[in-house]
file run.txt (compact mmCIF, C-alpha atoms and all ligand atoms)
# COMPACT_ATOMS: atom_id res chain seq x y z
CA MET A 1089 5.56 -24.66 1.19
CA ALA A 1090 6.01 -21.58 -0.96
CA THR A 1091 8.45 -18.94 0.16
CA ILE A 1092 8.43 -15.20 -0.42
CA ILE A 1093 11.04 -12.45 0.05
CA LEU A 1094 9.98 -10.34 3.02
CA MET A 1095 12.61 -7.63 2.64
CA THR A 1096 16.11 -6.95 1.35
CA CYS A 1097 18.62 -5.60 3.88
CA ASN A 1098 21.76 -3.62 3.13
CA THR A 1099 23.87 -5.34 5.79
CA ILE A 1100 24.12 -8.83 7.27
CA ALA A 1101 23.75 -7.36 10.77
CA GLU A 1102 20.40 -5.78 9.85
CA ALA A 1103 19.20 -9.04 8.28
CA HIS A 1104 20.17 -11.06 11.38
CA LEU A 1105 18.30 -8.59 13.62
CA VAL A 1106 15.14 -9.05 11.51
CA LYS A 1107 15.63 -12.84 11.45
CA GLY A 1108 16.03 -12.97 15.24
CA MET A 1109 12.96 -10.80 15.79
CA LEU A 1110 10.84 -12.99 13.49
CA GLU A 1111 12.04 -16.24 15.09
CA ASN A 1112 11.32 -14.86 18.58
CA ASN A 1113 7.75 -14.35 17.36
CA GLY A 1114 7.47 -17.92 16.07
CA ILE A 1115 8.01 -17.21 12.36
CA ASN A 1116 10.54 -19.41 10.60
CA CYS A 1117 12.73 -17.62 8.08
CA PHE A 1118 16.10 -17.85 6.40
CA LEU A 1119 18.58 -15.45 4.84
CA ASN A 1120 19.38 -15.58 1.14
CA ASN A 1121 22.30 -14.01 -0.72
CA GLU A 1122 24.25 -13.64 2.54
CA ASN A 1123 27.67 -14.73 1.26
CA PHE A 1124 27.58 -12.74 -1.97
CA SER A 1125 26.51 -9.60 -0.07
CA ASN A 1126 29.40 -10.09 2.36
CA LEU A 1127 31.96 -10.62 -0.42
CA MET A 1128 30.67 -7.89 -2.76
CA PRO A 1129 29.07 -5.20 -0.55
CA GLN A 1130 29.42 -2.62 -3.34
CA PHE A 1131 26.58 -4.36 -5.21
CA ASN A 1132 24.08 -4.18 -2.31
CA GLY A 1133 20.96 -2.28 -3.25
CA MET A 1134 21.62 -2.65 -6.97
CA MET A 1135 19.41 -4.88 -9.12
CA GLY A 1136 17.85 -6.58 -6.11
CA ALA A 1137 21.18 -7.48 -4.51
CA GLY A 1138 21.45 -7.46 -0.73
CA VAL A 1139 20.68 -9.90 2.07
CA GLN A 1140 17.15 -11.19 1.55
CA VAL A 1141 14.96 -12.29 4.47
CA VAL A 1142 12.73 -15.10 3.15
CA VAL A 1143 9.59 -16.33 4.95
CA ASP A 1144 6.83 -18.88 4.32
CA GLU A 1145 4.01 -17.37 2.26
CA ALA A 1146 1.52 -18.25 5.03
CA ASP A 1147 3.50 -16.12 7.52
CA TYR A 1148 4.01 -13.15 5.16
CA GLU A 1149 1.22 -10.88 6.47
CA ARG A 1150 2.23 -11.33 10.12
CA ALA A 1151 5.94 -10.92 9.28
CA CYS A 1152 5.17 -7.63 7.48
CA GLU A 1153 3.33 -6.34 10.55
CA LEU A 1154 6.18 -7.36 12.88
CA ALA A 1155 8.82 -5.81 10.61
CA GLY A 1156 6.76 -2.62 10.23
CA LEU A 1157 6.28 -3.10 6.47
CA LYS A 1158 2.46 -3.04 6.39
CA ASP A 1159 1.20 -0.87 3.50
CA VAL A 1160 4.46 1.01 3.49
CA ASN A 1161 3.95 2.52 0.04
CA SER A 1162 0.46 3.85 0.73
CA GLU A 1163 1.61 5.55 3.95
CA LEU A 1164 4.63 7.22 2.34
CA THR A 1165 4.44 10.90 1.52
CA CYS A 1166 7.09 13.30 0.32
CA PRO A 1167 8.74 15.11 3.25
CA LYS A 1168 9.09 18.25 1.10
CA CYS A 1169 5.71 18.68 -0.65
CA HIS A 1170 3.60 15.95 1.14
CA SER A 1171 2.65 14.37 -2.20
CA ALA A 1172 1.70 10.67 -2.17
CA ASN A 1173 3.06 10.20 -5.71
CA ILE A 1174 6.16 8.25 -4.59
CA GLY A 1175 8.43 5.93 -6.56
CA PHE A 1176 11.30 3.62 -5.59
CA GLY A 1177 14.47 3.35 -7.65
CA LEU A 1178 17.49 5.32 -8.69
CA GLY A 1179 15.52 8.56 -8.40
CA THR A 1180 15.20 11.63 -10.55
CA ARG A 1181 18.92 12.12 -11.29
CA LYS A 1182 19.03 8.66 -12.87
CA ALA A 1183 21.24 9.48 -15.89
CA GLY A 1184 24.18 10.64 -13.75
CA LYS A 1185 23.95 7.59 -11.51
CA ILE A 1186 23.79 5.18 -14.45
CA MET A 1187 26.85 6.92 -15.95
CA THR A 1188 28.67 6.54 -12.60
CA ILE A 1189 27.79 2.82 -12.49
CA PHE A 1190 28.97 2.40 -16.09
CA LEU A 1191 32.29 4.14 -15.35
CA SER A 1192 32.69 2.11 -12.14
CA LEU A 1193 32.23 -1.14 -14.05
CA LEU A 1194 34.73 -0.03 -16.69
CA SER A 1195 37.35 0.95 -14.12
CA GLY A 1196 36.60 -1.91 -11.70
CA THR A 1197 35.94 0.38 -8.75
CA PRO A 1198 32.99 -0.01 -6.35
CA PHE A 1199 29.86 2.12 -6.63
CA GLY A 1200 28.44 1.22 -3.21
CA ASN A 1201 27.25 4.74 -2.48
CA ILE A 1202 24.59 4.48 -5.21
CA GLN A 1203 21.47 2.82 -3.84
CA ASN A 1204 17.78 2.74 -4.60
CA ASN A 1205 15.80 5.35 -2.69
CA TYR A 1206 12.26 6.59 -2.45
CA TYR A 1207 11.70 9.68 -4.55
CA CYS A 1208 8.86 12.13 -5.13
CA LYS A 1209 7.55 12.07 -8.71
CA ASP A 1210 6.18 15.61 -8.30
CA CYS A 1211 9.06 17.64 -6.83
CA GLY A 1212 11.98 15.21 -7.32
CA ALA A 1213 13.03 15.03 -3.66
CA GLU A 1214 14.82 11.81 -2.63
CA PHE A 1215 14.44 10.35 0.84
CA LYS A 1216 14.77 7.17 2.88
CA ARG A 1217 11.82 5.49 4.55
ZN ZN A 1301 7.67 16.11 -3.26

call {"tool": "encode", "arguments": {"input": "run.txt", "output": "structure tokens"}}
result
Amino acid sequence: MATIILMTCNTIAEAHLVKGMLENNGINCFLNNENFSNLMPQFNGMMGAGVQVVVDEADYERACELAGLKDVNSELTCPKCHSANIGFGLGTRKAGKIMTIFLSLLSGTPFGNIQNNYYCKDCGAEFKR
């Protein structure tokens, strides 16, 4: 049985809601990275950190449909200019964010407000799904 990461959630509560919904629909799943995300919430959303919902590869398509993740990237358009040229990451003001992360690591303070977002490669607008 091969497993695959269905989605990464920012909070444990969100991950448990998804897990409960999937199990109510007969899809077995488990949560990964739950303890680390609870202990170090400032790292959620950075470098793949966050609570991961993991499902069996055979259930992946159905789980995507149930979680509303089907073809999410192809349906996304920029809310400002309606372009379909969308990326996911630190966004267009990347240099400032990386500098903030660097300074946070040096000073030992959290940088939890910096998270990956969808951004428009044409006009630079950042938005959530
Ligand atoms: Zn745009």

call {"tool": "closest_residue", "arguments": {"input": "run.txt", "among": "A:Thr1091, A:Asn1120, A:Ser1192, A:Asn1204", "to": "A:Ala1146", "atoms": "all atoms listed in the file"}}
result
A:Thr1091

call {"tool": "residues_near_ligand", "arguments": {"input": "run.txt", "ligand": "ligand ZN 1301 (chain A)", "cutoff": "7 Å", "atoms": "all atoms listed in the file", "output": "PDB file with C-alpha atoms, keeping the file's coordinate frame"}}
result
ATOM      1  CA  CYS A1166       7.090  13.300   0.320  1.00  0.00           C
ATOM      2  CA  PRO A1167       8.740  15.110   3.250  1.00  0.00           C
ATOM      3  CA  LYS A1168       9.090  18.250   1.100  1.00  0.00           C
ATOM      4  CA  CYS A1169       5.710  18.680  -0.650  1.00  0.00           C
ATOM      5  CA  HIS A1170       3.600  15.950   1.140  1.00  0.00           C
ATOM      6  CA  SER A1171       2.650  14.370  -2.200  1.00  0.00           C
ATOM      7  CA  CYS A1208       8.860  12.130  -5.130  1.00  0.00           C
ATOM      8  CA  LYS A1209       7.550  12.070  -8.710  1.00  0.00           C
ATOM      9  CA  ASP A1210       6.180  15.610  -8.300  1.00  0.00           C
ATOM     10  CA  CYS A1211       9.060  17.640  -6.830  1.00  0.00           C
ATOM     11  CA  GLY A1212      11.980  15.210  -7.320  1.00  0.00           C
ATOM     12  CA  ALA A1213      13.030  15.030  -3.660  1.00  0.00           C
TER      13      ALA A1213
END

call {"tool": "residues_around", "arguments": {"input": "run.txt", "residues": "A:Gly1108", "least_positions_apart": "2", "cutoff": "12 Å", "atoms": "all atoms listed in the file", "output": "list in words"}}
result
Ala1101, Glu1102, Ala1103, His1104, Leu1105, Val1106, Leu1110, Glu1111, Asn1112, Asn1113, Gly1114, Ile1115, Asn1116, Cys1117, Phe1118, Leu1119, Val1141, Ala1151, Leu1154 and Ala1155 of chain A

call {"tool": "atom_distance", "arguments": {"input": "run.txt", "atom1": "atom CA of A:Leu1191", "atom2": "atom CA of A:Asn1098"}}
result
22.6 Å

call {"tool": "closest_residue", "arguments": {"input": "run.txt", "among": "A:Ile1092, A:Glu1149, A:Tyr1206, A:Asn1126", "to": "A:Leu1178", "atoms": "only C-alpha atoms"}}
result
A:Tyr1206

call {"tool": "atom_distance", "arguments": {"input": "run.txt", "atom1": "atom CA of A:Asn1123", "atom2": "atom CA of A:Cys1097"}}
result
13.1 Å

call {"tool": "atom_distance", "arguments": {"input": "run.txt", "atom1": "atom CA of A:Met1095", "atom2": "atom CA of A:Lys1185"}}
result
23.7 Å

call {"tool": "closest_residue", "arguments": {"input": "run.txt", "among": "A:Lys1107, A:Asn1173, A:Phe1124, A:Leu1094", "to": "A:Tyr1148", "atoms": "all atoms listed in the file"}}
result
A:Leu1094

call {"tool": "closest_residue", "arguments": {"input": "run.txt", "among": "A:Met1089, A:Ile1100, A:Leu1194, A:Met1109", "to": "A:Gly1156", "atoms": "only C-alpha atoms"}}
result
A:Met1109

call {"tool": "residues_near_point", "arguments": {"input": "run.txt", "point": "(22.4, -5.3, -0.5)", "cutoff": "9 Å", "atoms": "only C-alpha atoms", "output": "ChimeraX atom specification"}}
result
/A:1096-1100,1121,1125-1126,1128-1134,1136-1140,1203

call {"tool": "axis_aligned_box", "arguments": {"input": "run.txt", "around": "stretch 1106-1118 of chain A", "padding_each_side": "3 Å", "output": "lines of an AutoDock Vina configuration file"}}
result
center_x = 11.8
center_y = -14.2
center_z = 12.5
size_x = 14.6
size_y = 16.4
size_z = 18.2

call {"tool": "build_atoms", "arguments": {"input": "run.txt", "residues": "stretch 1110-1130 of chain A", "atoms": "N, CA and C atoms", "output": "PDB file, in the frame of the given file"}}
result
ATOM      1  N   LEU A1110      11.895 -12.135  14.044  1.00  0.00           N
ATOM      2  CA  LEU A1110      10.840 -12.990  13.490  1.00  0.00           C
ATOM      3  C   LEU A1110      10.816 -14.345  14.200  1.00  0.00           C
ATOM      4  N   GLU A1111      11.985 -14.926  14.438  1.00  0.00           N
ATOM      5  CA  GLU A1111      12.040 -16.240  15.090  1.00  0.00           C
ATOM      6  C   GLU A1111      11.574 -16.159  16.541  1.00  0.00           C
ATOM      7  N   ASN A1112      11.829 -15.039  17.219  1.00  0.00           N
ATOM      8  CA  ASN A1112      11.320 -14.860  18.580  1.00  0.00           C
ATOM      9  C   ASN A1112       9.806 -14.796  18.604  1.00  0.00           C
ATOM     10  N   ASN A1113       9.200 -14.408  17.470  1.00  0.00           N
ATOM     11  CA  ASN A1113       7.750 -14.350  17.360  1.00  0.00           C
ATOM     12  C   ASN A1113       7.167 -15.596  16.684  1.00  0.00           C
ATOM     13  N   GLY A1114       7.970 -16.638  16.570  1.00  0.00           N
ATOM     14  CA  GLY A1114       7.470 -17.920  16.070  1.00  0.00           C
ATOM     15  C   GLY A1114       7.370 -18.032  14.570  1.00  0.00           C
ATOM     16  N   ILE A1115       8.038 -17.145  13.823  1.00  0.00           N
ATOM     17  CA  ILE A1115       8.010 -17.210  12.360  1.00  0.00           C
ATOM     18  C   ILE A1115       9.351 -17.723  11.864  1.00  0.00           C
ATOM     19  N   ASN A1116       9.308 -18.860  11.165  1.00  0.00           N
ATOM     20  CA  ASN A1116      10.540 -19.410  10.600  1.00  0.00           C
ATOM     21  C   ASN A1116      10.949 -18.601   9.381  1.00  0.00           C
ATOM     22  N   CYS A1117      12.246 -18.347   9.249  1.00  0.00           N
ATOM     23  CA  CYS A1117      12.730 -17.620   8.080  1.00  0.00           C
ATOM     24  C   CYS A1117      14.187 -17.993   7.841  1.00  0.00           C
ATOM     25  N   PHE A1118      14.684 -17.643   6.678  1.00  0.00           N
ATOM     26  CA  PHE A1118      16.100 -17.850   6.400  1.00  0.00           C
ATOM     27  C   PHE A1118      16.613 -16.684   5.579  1.00  0.00           C
ATOM     28  N   LEU A1119      17.943 -16.548   5.571  1.00  0.00           N
ATOM     29  CA  LEU A1119      18.580 -15.450   4.840  1.00  0.00           C
ATOM     30  C   LEU A1119      19.112 -15.982   3.527  1.00  0.00           C
ATOM     31  N   ASN A1120      18.924 -15.208   2.473  1.00  0.00           N
ATOM     32  CA  ASN A1120      19.380 -15.580   1.140  1.00  0.00           C
ATOM     33  C   ASN A1120      20.404 -14.536   0.683  1.00  0.00           C
ATOM     34  N   ASN A1121      21.355 -14.951  -0.125  1.00  0.00           N
ATOM     35  CA  ASN A1121      22.300 -14.010  -0.720  1.00  0.00           C
ATOM     36  C   ASN A1121      23.288 -13.444   0.298  1.00  0.00           C
ATOM     37  N   GLU A1122      23.441 -14.153   1.435  1.00  0.00           N
ATOM     38  CA  GLU A1122      24.250 -13.640   2.540  1.00  0.00           C
ATOM     39  C   GLU A1122      25.737 -13.591   2.168  1.00  0.00           C
ATOM     40  N   ASN A1123      26.239 -14.670   1.572  1.00  0.00           N
ATOM     41  CA  ASN A1123      27.670 -14.730   1.260  1.00  0.00           C
ATOM     42  C   ASN A1123      28.070 -13.746   0.181  1.00  0.00           C
ATOM     43  N   PHE A1124      27.262 -13.662  -0.879  1.00  0.00           N
ATOM     44  CA  PHE A1124      27.580 -12.740  -1.970  1.00  0.00           C
ATOM     45  C   PHE A1124      27.576 -11.292  -1.460  1.00  0.00           C
ATOM     46  N   SER A1125      26.597 -10.962  -0.598  1.00  0.00           N
ATOM     47  CA  SER A1125      26.510  -9.600  -0.070  1.00  0.00           C
ATOM     48  C   SER A1125      27.698  -9.263   0.816  1.00  0.00           C
ATOM     49  N   ASN A1126      28.242 -10.295   1.502  1.00  0.00           N
ATOM     50  CA  ASN A1126      29.400 -10.090   2.360  1.00  0.00           C
ATOM     51  C   ASN A1126      30.672  -9.917   1.520  1.00  0.00           C
ATOM     52  N   LEU A1127      30.766 -10.679   0.434  1.00  0.00           N
ATOM     53  CA  LEU A1127      31.960 -10.620  -0.420  1.00  0.00           C
ATOM     54  C   LEU A1127      31.964  -9.387  -1.318  1.00  0.00           C
ATOM     55  N   MET A1128      30.786  -8.989  -1.802  1.00  0.00           N
ATOM     56  CA  MET A1128      30.670  -7.890  -2.760  1.00  0.00           C
ATOM     57  C   MET A1128      29.692  -6.828  -2.237  1.00  0.00           C
ATOM     58  N   PRO A1129      30.027  -6.161  -1.130  1.00  0.00           N
ATOM     59  CA  PRO A1129      29.070  -5.200  -0.550  1.00  0.00           C
ATOM     60  C   PRO A1129      28.789  -4.011  -1.462  1.00  0.00           C
ATOM     61  N   GLN A1130      29.651  -3.753  -2.445  1.00  0.00           N
ATOM     62  CA  GLN A1130      29.420  -2.620  -3.340  1.00  0.00           C
ATOM     63  C   GLN A1130      28.212  -2.833  -4.240  1.00  0.00           C
TER      64      GLN A1130
END
